[in-house]
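Q: What follows is run29.tsv; its format and atoms are TSV, C-alpha atoms and all ligand atoms.
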```
chain	number	residue	atom	x	y	z
H	1	MET	CA	155.40	202.68	89.30
H	2	SER	CA	152.75	205.23	90.32
H	3	SER	CA	151.05	204.70	86.92
H	4	VAL	CA	150.13	201.21	88.15
H	5	PRO	CA	146.60	201.40	89.62
H	6	VAL	CA	146.46	201.24	93.41
H	7	LEU	CA	144.48	197.99	93.43
H	8	ILE	CA	147.19	196.17	91.49
H	9	ARG	CA	149.95	197.66	93.67
H	10	LEU	CA	148.05	196.64	96.80
H	11	LEU	CA	147.61	193.06	95.57
H	12	ALA	CA	151.32	192.87	94.67
H	13	SER	CA	152.27	194.17	98.14
H	14	SER	CA	149.80	191.74	99.77
H	15	VAL	CA	151.43	188.74	98.05
H	16	SER	CA	154.89	189.83	99.29
H	17	VAL	CA	153.77	190.58	102.84
H	18	ALA	CA	151.82	187.30	103.07
H	19	ASN	CA	155.03	185.43	102.21
H	20	ARG	CA	156.82	187.21	105.05
H	21	ALA	CA	153.93	186.57	107.45
H	22	GLY	CA	154.18	182.88	106.56
H	23	LYS	CA	157.85	182.89	107.53
H	24	ILE	CA	156.93	184.50	110.87
H	25	VAL	CA	154.36	181.74	111.43
H	26	ARG	CA	157.03	179.07	110.79
H	27	ASP	CA	159.64	180.83	112.94
H	28	VAL	CA	157.33	181.07	115.97
H	29	MET	CA	156.58	177.36	115.64
H	30	SER	CA	160.22	176.35	115.37
H	31	LYS	CA	161.16	178.41	118.44
H	32	GLY	CA	158.53	176.36	120.23
H	33	GLU	CA	157.05	179.17	122.31
H	34	LEU	CA	153.55	179.61	120.95
H	35	GLY	CA	152.27	181.98	123.68
H	36	ILE	CA	148.72	180.63	123.45
H	37	VAL	CA	145.90	182.92	124.72
H	38	GLU	CA	142.30	181.68	124.94
H	39	LYS	CA	140.04	184.38	123.40
H	40	GLY	CA	136.79	182.44	123.83
H	41	LYS	CA	135.37	178.95	123.55
H	42	ASP	CA	137.41	177.00	120.94
H	43	ASP	CA	139.03	180.30	119.96
H	44	TYR	CA	142.77	180.72	120.48
H	45	GLN	CA	145.47	183.22	119.60
H	46	THR	CA	149.22	182.59	119.47
H	47	GLU	CA	152.37	184.69	119.14
H	48	ALA	CA	152.29	183.79	115.43
H	49	ASP	CA	148.80	185.36	115.01
H	50	ARG	CA	149.99	188.53	116.80
H	51	SER	CA	153.34	188.94	115.02
H	52	ALA	CA	152.05	188.04	111.55
H	53	GLN	CA	149.23	190.57	111.91
H	54	ARG	CA	151.66	193.29	113.09
H	55	CYS	CA	153.80	192.60	110.01
H	56	ILE	CA	150.88	192.74	107.56
H	57	ILE	CA	149.16	195.80	109.01
H	58	ALA	CA	152.38	197.79	109.56
H	59	SER	CA	153.61	197.06	106.03
H	60	LEU	CA	150.35	197.78	104.21
H	61	SER	CA	149.43	200.88	106.23
H	62	ALA	CA	152.91	202.36	105.72
H	63	GLN	CA	152.42	202.17	101.95
H	64	TYR	CA	148.66	202.80	101.74
H	65	PRO	CA	147.82	205.13	104.65
H	66	LYS	CA	144.25	205.88	103.56
H	67	ILE	CA	143.13	202.26	103.26
H	68	ASN	CA	140.98	200.88	106.06
H	69	ILE	CA	142.71	197.68	107.24
H	70	ILE	CA	140.89	195.40	109.66
H	71	GLY	CA	142.70	192.49	111.33
H	72	GLU	CA	141.41	189.59	113.37
H	73	GLU	CA	143.56	190.22	116.42
H	74	ASP	CA	143.05	193.10	118.86
H	75	GLY	CA	145.69	195.75	119.40
H	76	ASN	CA	147.10	196.58	115.99
H	77	GLN	CA	150.08	198.31	117.64
H	78	ILE	CA	152.38	199.19	114.81
H	79	GLN	CA	155.13	200.74	116.92
H	80	ASP	CA	158.22	198.50	117.29
H	81	SER	CA	157.29	196.95	113.97
H	82	ASN	CA	160.10	198.29	111.81
H	83	GLU	CA	161.78	194.91	111.81
H	84	TYR	CA	158.64	193.57	110.16
H	85	LEU	CA	158.19	196.21	107.44
H	86	VAL	CA	157.91	194.61	104.00
H	87	MET	CA	158.04	197.11	101.17
H	88	ASP	CA	158.52	194.60	98.31
H	89	SER	CA	155.93	193.95	95.64
H	90	ASP	CA	155.39	190.78	93.65
H	91	GLN	CA	156.59	191.56	90.12
H	92	GLU	CA	154.25	189.12	88.36
H	93	ILE	CA	151.22	190.84	89.90
H	94	LEU	CA	152.58	194.32	89.14
H	95	ALA	CA	152.63	193.37	85.44
H	96	ILE	CA	148.89	192.52	85.37
H	97	ASN	CA	146.67	194.65	83.19
H	98	CYS	CA	144.15	196.19	85.61
H	99	PRO	CA	140.50	195.58	84.65
H	100	GLU	CA	138.78	198.79	83.49
H	101	SER	CA	136.25	198.60	86.36
H	102	LEU	CA	139.03	198.76	89.00
H	103	LYS	CA	141.33	201.36	87.42
H	104	GLY	CA	139.69	204.31	89.14
H	105	VAL	CA	139.58	202.77	92.63
H	106	GLU	CA	141.26	204.98	95.25
H	107	GLU	CA	142.74	204.07	98.63
H	108	LYS	CA	139.75	205.52	100.48
H	109	ASP	CA	137.39	203.14	98.60
H	110	ILE	CA	139.23	200.03	99.82
H	111	VAL	CA	138.72	197.90	102.94
H	112	VAL	CA	141.27	195.13	103.60
H	113	TRP	CA	140.41	192.18	105.86
H	114	VAL	CA	143.38	190.33	107.41
H	115	ASP	CA	143.43	186.93	109.07
H	116	PRO	CA	147.09	186.55	110.00
H	117	LEU	CA	146.68	182.86	110.82
H	118	ASP	CA	143.56	180.99	109.78
H	119	GLY	CA	143.32	177.55	111.35
H	120	THR	CA	144.75	178.46	114.75
H	121	ALA	CA	143.36	175.22	116.23
H	122	GLU	CA	145.32	173.23	113.63
H	123	TYR	CA	148.43	175.36	114.23
H	124	THR	CA	148.45	174.69	117.98
H	125	GLN	CA	147.80	171.00	117.38
H	126	GLY	CA	150.63	171.03	114.83
H	127	ALA	CA	152.97	171.95	117.68
H	128	LEU	CA	152.68	168.32	118.69
H	129	MET	CA	154.79	167.51	115.64
H	130	LEU	CA	157.68	169.64	116.87
H	131	LYS	CA	159.49	166.83	118.59
H	132	ARG	CA	158.42	164.24	116.08
H	133	ASP	CA	161.82	162.54	115.98
H	134	SER	CA	161.67	161.65	119.66
H	135	TRP	CA	160.23	158.30	120.63
H	136	GLU	CA	159.65	159.61	124.21
H	137	HIS	CA	157.48	162.36	122.71
H	138	TRP	CA	155.24	159.89	120.86
H	139	LYS	CA	155.01	157.72	123.95
H	140	SER	CA	153.92	160.70	126.06
H	141	LEU	CA	151.29	161.68	123.48
H	142	LEU	CA	149.66	158.27	123.87
H	143	SER	CA	148.57	159.25	127.38
H	144	HIS	CA	147.55	162.81	126.37
H	145	PRO	CA	143.97	163.46	127.61
H	146	PHE	CA	142.83	165.18	124.36
H	147	ILE	CA	144.32	162.78	121.84
H	148	SER	CA	142.25	159.87	120.57
H	149	MET	CA	143.91	156.79	119.05
H	150	LYS	CA	142.52	157.78	115.60
H	151	TRP	CA	144.06	161.24	115.82
H	152	TYR	CA	147.33	159.82	117.16
H	153	LEU	CA	147.59	157.46	114.18
H	154	SER	CA	146.79	160.23	111.68
H	155	LEU	CA	149.50	162.42	113.29
H	156	LEU	CA	152.04	159.59	113.08
H	157	GLN	CA	151.30	159.11	109.38
H	158	SER	CA	151.60	162.73	108.36
H	159	ASN	CA	154.76	164.81	108.10
H	160	TYR	CA	153.29	168.01	109.40
H	161	GLY	CA	150.18	167.03	111.37
H	162	PHE	CA	147.54	169.58	110.48
H	163	LEU	CA	149.96	172.39	109.69
H	164	GLU	CA	149.12	172.30	105.98
H	165	HIS	CA	145.65	173.56	106.95
H	166	VAL	CA	147.13	176.82	108.26
H	167	THR	CA	146.88	179.87	105.98
H	168	VAL	CA	147.49	183.62	106.00
H	169	LEU	CA	144.51	185.45	104.47
H	170	ILE	CA	144.34	188.94	102.96
H	171	GLY	CA	141.06	190.06	101.37
H	172	ILE	CA	140.65	193.30	99.40
H	173	SER	CA	137.14	194.72	99.09
H	174	VAL	CA	135.70	197.66	97.15
H	175	ASN	CA	132.10	198.85	97.49
H	176	GLU	CA	131.53	196.11	100.08
H	177	ARG	CA	132.44	193.27	97.66
H	178	PRO	CA	135.65	191.22	97.66
H	179	VAL	CA	137.60	191.96	94.46
H	180	ALA	CA	141.03	190.50	95.15
H	181	GLY	CA	142.62	188.14	97.65
H	182	VAL	CA	145.63	186.19	98.81
H	183	ILE	CA	145.86	182.80	100.53
H	184	HIS	CA	149.37	181.92	101.70
H	185	GLN	CA	150.09	178.41	102.95
H	186	PRO	CA	153.24	178.51	105.14
H	187	TYR	CA	153.63	174.72	105.35
H	188	TYR	CA	152.85	173.70	101.78
H	189	LYS	CA	155.57	171.38	100.50
H	190	ASN	CA	156.63	171.93	96.94
H	191	VAL	CA	159.44	170.49	94.86
H	192	VAL	CA	160.68	172.64	91.99
H	193	GLY	CA	163.43	170.86	90.06
H	194	SER	CA	165.75	169.55	92.75
H	195	ASP	CA	164.82	172.24	95.27
H	196	LYS	CA	162.42	171.66	98.14
H	197	ILE	CA	160.34	174.79	98.67
H	198	ILE	CA	158.13	175.32	101.71
H	199	GLY	CA	155.09	177.55	101.40
H	200	ARG	CA	153.10	178.88	98.46
H	201	THR	CA	150.93	181.89	97.72
H	202	ILE	CA	147.65	181.78	95.84
H	203	TRP	CA	146.02	184.96	94.55
H	204	GLY	CA	142.89	185.99	92.67
H	205	LEU	CA	141.65	189.18	91.04
H	206	GLN	CA	138.18	189.91	89.72
H	207	GLU	CA	137.95	189.79	85.90
H	208	VAL	CA	141.58	188.61	85.66
H	209	GLY	CA	141.66	185.16	87.27
H	210	VAL	CA	143.80	183.26	89.73
H	211	GLY	CA	147.46	182.28	90.15
H	212	GLY	CA	149.95	180.41	92.33
H	213	PHE	CA	148.31	177.00	91.82
H	214	THR	CA	146.58	174.88	89.18
H	215	LEU	CA	142.81	175.24	89.12
H	216	ALA	CA	141.09	171.82	88.87
H	217	PRO	CA	137.44	170.80	88.30
H	218	PRO	CA	135.48	169.34	91.24
H	219	PRO	CA	135.65	165.56	91.90
H	220	ASP	CA	133.25	163.24	90.01
H	221	SER	CA	131.45	162.24	93.21
H	222	LEU	CA	130.00	164.72	95.68
H	223	VAL	CA	132.63	165.56	98.33
H	224	ILE	CA	131.74	168.09	101.03
H	225	THR	CA	134.43	169.94	102.96
H	226	THR	CA	133.67	171.31	106.43
H	227	THR	CA	135.11	172.13	109.85
H	228	ARG	CA	137.12	169.62	111.83
H	229	SER	CA	137.30	171.69	115.02
H	230	HIS	CA	134.08	173.75	115.34
H	231	SER	CA	131.20	171.33	114.75
H	232	ASN	CA	127.81	171.13	116.45
H	233	ALA	CA	124.37	169.58	115.85
H	234	ILE	CA	123.27	172.17	113.24
H	235	VAL	CA	126.58	171.91	111.35
H	236	GLU	CA	126.15	168.10	111.20
H	237	ASN	CA	122.50	168.43	110.17
H	238	ALA	CA	123.44	170.59	107.19
H	239	LEU	CA	126.01	167.98	106.13
H	240	GLN	CA	123.59	165.07	106.30
H	241	VAL	CA	121.07	166.68	103.92
H	242	MET	CA	123.71	167.05	101.18
H	243	ASN	CA	123.72	163.34	100.35
H	244	ALA	CA	127.48	163.40	99.87
H	245	GLN	CA	129.75	160.49	99.02
H	246	GLN	CA	132.47	161.81	101.30
H	247	ILE	CA	132.96	164.45	103.99
H	248	LEU	CA	136.41	166.05	104.17
H	249	ARG	CA	136.90	167.60	107.62
H	250	VAL	CA	139.76	170.07	107.46
H	251	GLY	CA	140.77	173.22	109.33
H	252	GLY	CA	140.45	176.86	108.30
H	253	ALA	CA	138.25	178.71	105.81
H	254	GLY	CA	141.24	179.37	103.53
H	255	TYR	CA	142.23	175.71	103.34
H	256	LYS	CA	138.65	174.62	102.67
H	257	VAL	CA	138.36	177.03	99.73
H	258	LEU	CA	141.68	175.60	98.47
H	259	GLN	CA	140.07	172.13	98.54
H	260	LEU	CA	137.40	173.50	96.17
H	261	LEU	CA	139.90	175.24	93.89
H	262	GLU	CA	142.14	172.19	93.57
H	263	GLY	CA	139.34	169.72	92.83
H	264	LYS	CA	139.49	167.85	96.15
H	265	ALA	CA	135.97	168.85	97.25
H	266	SER	CA	132.76	169.94	95.52
H	267	ILE	CA	131.07	172.10	98.18
H	268	TYR	CA	132.08	173.87	101.42
H	269	VAL	CA	129.27	173.78	103.97
H	270	PHE	CA	129.47	175.36	107.45
H	271	ALA	CA	126.10	176.07	109.04
H	272	SER	CA	127.37	178.00	112.05
H	273	PRO	CA	128.21	181.61	112.96
H	274	GLY	CA	131.92	180.95	113.89
H	275	CYS	CA	133.59	182.34	110.72
H	276	LYS	CA	134.28	186.09	110.50
H	277	LYS	CA	134.74	188.55	107.64
H	278	TRP	CA	138.54	188.09	107.64
H	279	ASP	CA	138.06	184.32	107.18
H	280	THR	CA	136.02	184.69	104.00
H	281	CYS	CA	136.97	187.97	102.26
H	282	GLY	CA	140.24	186.75	100.64
H	283	PRO	CA	139.00	183.20	99.91
H	284	GLU	CA	135.72	184.53	98.45
H	285	ALA	CA	137.61	186.93	96.17
H	286	ILE	CA	139.81	184.11	94.83
H	287	LEU	CA	136.92	181.66	94.47
H	288	SER	CA	134.81	184.16	92.53
H	289	ALA	CA	137.79	185.12	90.32
H	290	ALA	CA	137.89	181.39	89.47
H	291	GLY	CA	134.17	181.38	88.56
H	292	GLY	CA	132.90	180.07	91.90
H	293	LYS	CA	130.52	181.41	94.51
H	294	LEU	CA	130.63	181.89	98.30
H	295	THR	CA	127.54	182.97	100.23
H	296	ASP	CA	125.90	182.34	103.57
H	297	ILE	CA	123.67	179.29	104.11
H	298	LEU	CA	120.66	181.34	102.90
H	299	GLY	CA	122.37	182.08	99.57
H	300	ASN	CA	123.12	185.76	100.33
H	301	HIS	CA	126.49	187.40	99.75
H	302	TYR	CA	128.28	188.87	102.74
H	303	LYS	CA	129.17	192.56	102.62
H	304	TYR	CA	132.70	193.67	103.44
H	305	GLY	CA	132.27	197.37	104.25
H	306	ALA	CA	134.28	198.57	107.28
H	307	SER	CA	131.16	199.00	109.43
H	308	GLU	CA	129.82	195.48	108.81
H	309	SER	CA	129.62	193.26	111.89
H	310	ARG	CA	132.57	190.86	112.04
H	311	PRO	CA	130.78	187.48	112.42
H	312	ASN	CA	129.42	185.63	109.39
H	313	LYS	CA	126.36	184.85	111.45
H	314	THR	CA	124.53	182.79	108.85
H	315	GLY	CA	127.34	180.40	107.96
H	316	VAL	CA	129.19	179.59	104.75
H	317	LEU	CA	128.16	177.81	101.53
H	318	ALA	CA	130.65	177.76	98.66
H	319	ALA	CA	131.40	175.92	95.43
H	320	VAL	CA	133.62	176.37	92.42
H	321	TYR	CA	130.65	176.01	90.04
H	322	GLU	CA	127.41	177.99	90.26
H	323	ASP	CA	125.25	174.86	89.70
H	324	LEU	CA	126.89	173.01	92.61
H	325	HIS	CA	126.22	176.02	94.80
H	326	SER	CA	122.54	176.06	93.70
H	327	TYR	CA	122.29	172.32	94.38
H	328	ALA	CA	123.68	172.75	97.91
H	329	LEU	CA	121.35	175.69	98.57
H	330	SER	CA	118.33	173.69	97.43
H	331	ARG	CA	119.20	170.88	99.91
H	332	ILE	CA	119.25	173.10	103.03
H	333	PRO	CA	115.87	172.76	104.80
H	334	GLN	CA	113.95	175.95	105.61
H	335	GLU	CA	113.94	175.12	109.37
H	336	LEU	CA	117.74	175.09	109.34
H	337	LYS	CA	117.87	178.43	107.52
H	338	ASP	CA	115.37	179.88	110.03
H	339	GLU	CA	117.43	178.56	112.93
H	340	LEU	CA	120.60	180.29	111.70
H	341	ALA	CA	118.80	183.52	110.72
H	342	LYS	CA	117.28	183.88	114.24
U	401	LIG	N1	133.38	178.70	116.87
U	401	LIG	C1	134.43	179.39	116.39
U	401	LIG	N2	135.16	180.17	117.21
U	401	LIG	C2	136.22	180.86	116.73
U	401	LIG	N3	136.64	180.84	115.44
U	401	LIG	C3	135.95	180.09	114.60
U	401	LIG	C4	134.82	179.32	115.01
U	401	LIG	N4	134.36	178.67	113.96
U	401	LIG	C5	135.14	179.03	112.92
U	401	LIG	N5	136.10	179.88	113.30
U	401	LIG	C6	137.12	180.53	112.46
U	401	LIG	O1	136.81	180.22	111.12
U	401	LIG	C7	137.83	179.43	110.54
U	401	LIG	C8	137.22	178.25	109.82
U	401	LIG	O2	136.61	177.42	110.77
U	401	LIG	P1	136.88	175.85	110.81
U	401	LIG	O3	138.35	175.61	110.77
U	401	LIG	O4	136.23	175.40	112.08
U	401	LIG	O5	136.18	175.38	109.60
U	401	LIG	C9	138.66	178.91	111.71
U	401	LIG	O6	139.95	178.65	111.27
U	401	LIG	C10	138.54	179.99	112.71
U	401	LIG	O7	139.45	181.03	112.36
U	401	LIG	P2	140.85	181.22	113.16
U	401	LIG	O8	141.54	179.91	113.13
U	401	LIG	O9	141.51	182.28	112.34
U	401	LIG	O10	140.48	181.68	114.54
U	402	MG	MG	140.32	182.50	110.71
```
In structure tokens, how does this file's structure come out?
A:
Amino acid sequence: MSSVPVLIRLLASSVSVANRAGKIVRDVMSKGELGIVEKGKDDYQTEADRSAQRCIIASLSAQYPKINIIGEEDGNQIQDSNEYLVMDSDQEILAINCPESLKGVEEKDIVVWVDPLDGTAEYTQGALMLKRDSWEHWKSLLSHPFISMKWYLSLLQSNYGFLEHVTVLIGISVNERPVAGVIHQPYYKNVVGSDKIIGRTIWGLQEVGVGGFTLAPPPDSLVITTTRSHSNAIVENALQVMNAQQILRVGGAGYKVLQLLEGKASIYVFASPGCKKWDTCGPEAILSAAGGKLTDILGNHYKYGASESRPNKTGVLAAVYEDLHSYALSRIPQELKDELAK
């Protein structure tokens, strides 16, 4: 076991702990007590964010004490977390042949960025689906002050509301660059044979590739994916200049990168400072392991060293092909870049 390089062991542990975190996210939702705290404007935290982060940080730091692990939520108290300790490792990942360039990496060289629940807005809105079998519930939603008729109809039509947009993100960086990552989707519905399976885990490793899903080429027409809950005038401006056939507004950085990886969208554009390092580290690692590219709106890579500031101040621009990324970059007007870089 100890002959397996630390980076491979860490990725294998991250896959296992992300699965457990996903179960925590589902359990909090089904108990129905979300414990919502408002951290800032359009920025919420729930009991699921807190418990899933405790589980991930406690489990990884118990096994890799010298790794610097940074989570989205404050207060990484790891006492009282024994019930959450996950010491399993994904066997498929453990069997991977470590790339030469990563064999010598030590714990002290690694920074891990954890977003225990990406798409918190979609998670809290998903709570509206809890009592979906009750006609009284749907009737009461009709008079809800924040629910438009369009949204109401889209909720009625879907099984899970926006819960599929929710992900657990773990990003592993070395020398400031993301080299491996995990995106777990707690509400993904999968049928294997006659069994219904909820949840799936996607991973990526530099020079090795990706797993947990089927990589697909981008759509034939230009489809842009972007925020559905954090838009503003600059974000909309950056979308207009792309000349896209369709705009896919979905929640979470992890879910948007999944849209690119599964051929549902061509480019991810978000010209706003709202995303943080934990939103992009894991997704960027997986996207680049698949041959794609994630940068800011100016075309620069973010750095993931422990002392880097948390916000991705200059936005996100990503695509699964380099030429699509270059196209998107060439469409962004200089004034917009200057505005974000201010
Ligand atoms: N204005 C913002 N305030 C707080 N978080 C934001 C903001 N914009 C983006 N984010 C974070 O980036 C992720 C992707 O953004 P979006 O869904 O709007 O495209 C969100 O899920 C959210 O992470 P989180 O849900 O973990 O708080
Ligand atoms: Mg997030």
Q: For stretch 164-180 of chain H, work out the shell of residues within 7 Å, counting all atoms listed in the file and skipping chain neighbours fewer than 2 positions away, then give it as a ChimeraX atom specification.
A: /H:14,18,22,109-119,122-123,160,162,182-188,204-206,250-252,254-255,281-282,284-286,303-305
Q: Which neighbours of stretch 31-43 of chain H fall inside 9 Å, counting all atoms listed in the file, when residues of the same chain fewer than 5 positions from it are skipped, and could you give them as a PyMOL selection string?
A: chain H and resi 26+48+120-121+124+127+130+229-230
Q: Specify the axis-aligned box that encloses all atoms of ligand LIG 401 (chain U) listed in the file after padding of 5 Å on each side, stating its centre and edge lengths in Å to one decimal as AutoDock Vina command-line options.
A:
```
--center_x 137.5 --center_y 178.8 --center_z 113.4 --size_x 18.2 --size_y 16.9 --size_z 17.6
```
Q: Using all atoms listed in the file, which protein or nucleic acid residues come within 7 Å of stretch 326-337 of chain H? Drop anything in the same chain fewer than 4 positions from it, and give the result as a list of chain:residue names.
A: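 The residues satisfying every condition are H:Ala238, H:Val241, H:Met242, H:Ile297, H:Leu298, H:Gly299, H:Glu322, H:Ala341.
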Q: Choose the residue, out of H:Thr214, H:Trp278, H:Leu294, H:Gly263, that has the smallest atom-to-atom separation from H:Ser309; count only C-alpha atoms.
A: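 Distance minimum relative to H:Ser309 lands on H:Trp278.
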Q: Calculated over only C-alpha atoms and all ligand atoms, which of the candidates H:Val28, H:Ala265, H:Val257, H:Ala306 has the smallest distance to ligand LIG 401 (chain U)?
A: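 Closest residue, counting only C-alpha atoms and all ligand atoms: H:Val257.
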Q: Distance cut-off 8 Å, centre (138.6, 181.0, 91.2) in file coordinates, counting only C-alpha atoms: which residues qualify? Return them as a list in words.
A: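 Residues close enough to count: Gly204, Gly209, Val210, Leu215, Leu261, Ala285, Ile286, Leu287, Ser288, Ala289, Ala290, Gly291, Gly292 and Val320 of chain H.
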Q: Using all atoms listed in the file, which residue out of H:Glu47, H:Glu339, H:Glu72, H:Asp27 lies closest to ligand MG 402 (chain U)?
A: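 Smallest distance to ligand MG 402 (chain U) is found for H:Glu72.
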Q: So how many Å separate atom CA of H:Ser231 and atom O4 of ligand LIG 401 (chain U), to one decimal?
A: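 About the pair atom CA of H:Ser231 and atom O4 of ligand LIG 401 (chain U): they are 7.0 Å apart.
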Q: Would you mind reading off the distance between atom CA of H:Ile247 and atom CA of H:Ile197, one decimal, in Å?
A: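 Rounded to one decimal, the two atoms are 29.7 Å apart.
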Q: From the list H:Arg228, H:Lys293, H:Lys196, H:Lys277, which residue is nearest ligand LIG 401 (chain U) when using all atoms listed in the file?
A: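 Looking only at the distances to ligand LIG 401 (chain U), the closest residue turns out to be H:Arg228.
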Q: Quick one: everything within 10 Å of H:Leu102, counting all atoms listed in the file, minus sequence neighbours fewer than 4 positions away in the same chain. Send it as JSON, numbers by chain.
A: {"H": [5, 6, 7, 8, 98, 106, 174, 179, 206, 207]}
Q: Report, in Å with one decimal, the straight-line distance from atom CA of H:Ala271 to atom CA of H:Tyr44.
A: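 Between these atoms lies a distance of 20.7 Å.
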Q: Pick from H:Gln91, H:Val316, H:Ala244, H:Leu258: nearest to H:Cys275, with all atoms listed in the file counted?
A: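 For H:Cys275, the nearest of the given residues is H:Val316.
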Q: Considering all atoms listed in the file, state which residue in the set H:Leu11, H:Leu248, H:Leu260, H:Ala95 is at the smallest distance from H:Ala216.
A: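 Using all atoms listed in the file, H:Ala216 sits closest to H:Leu260.
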Q: Please, which residues are within 9 Å of (160.5, 194.0, 102.8) by the file's coordinates, counting all atoms listed in the file, and could they come as a PyMOL selection string?
A: chain H and resi 16-17+20+59+84-89
Q: Could you save the residues just selected, with C-alpha atoms, as a PDB file, in the frame of the given file?
A:
```pdb
ATOM      1  CA  SER H  16     154.890 189.830  99.290  1.00  0.00           C
ATOM      2  CA  VAL H  17     153.770 190.580 102.840  1.00  0.00           C
ATOM      3  CA  ARG H  20     156.820 187.210 105.050  1.00  0.00           C
ATOM      4  CA  SER H  59     153.610 197.060 106.030  1.00  0.00           C
ATOM      5  CA  TYR H  84     158.640 193.570 110.160  1.00  0.00           C
ATOM      6  CA  LEU H  85     158.190 196.210 107.440  1.00  0.00           C
ATOM      7  CA  VAL H  86     157.910 194.610 104.000  1.00  0.00           C
ATOM      8  CA  MET H  87     158.040 197.110 101.170  1.00  0.00           C
ATOM      9  CA  ASP H  88     158.520 194.600  98.310  1.00  0.00           C
ATOM     10  CA  SER H  89     155.930 193.950  95.640  1.00  0.00           C
TER      11      SER H  89
END
```
Q: Find the spatial neighbours of H:Gln246, counting all atoms listed in the file, within a cut-off of 12 Å - ignore same-chain residues fewer than 2 positions away - and output them as a ChimeraX atom specification.
A: /H:219-226,239-240,242-244,248-249,264-267
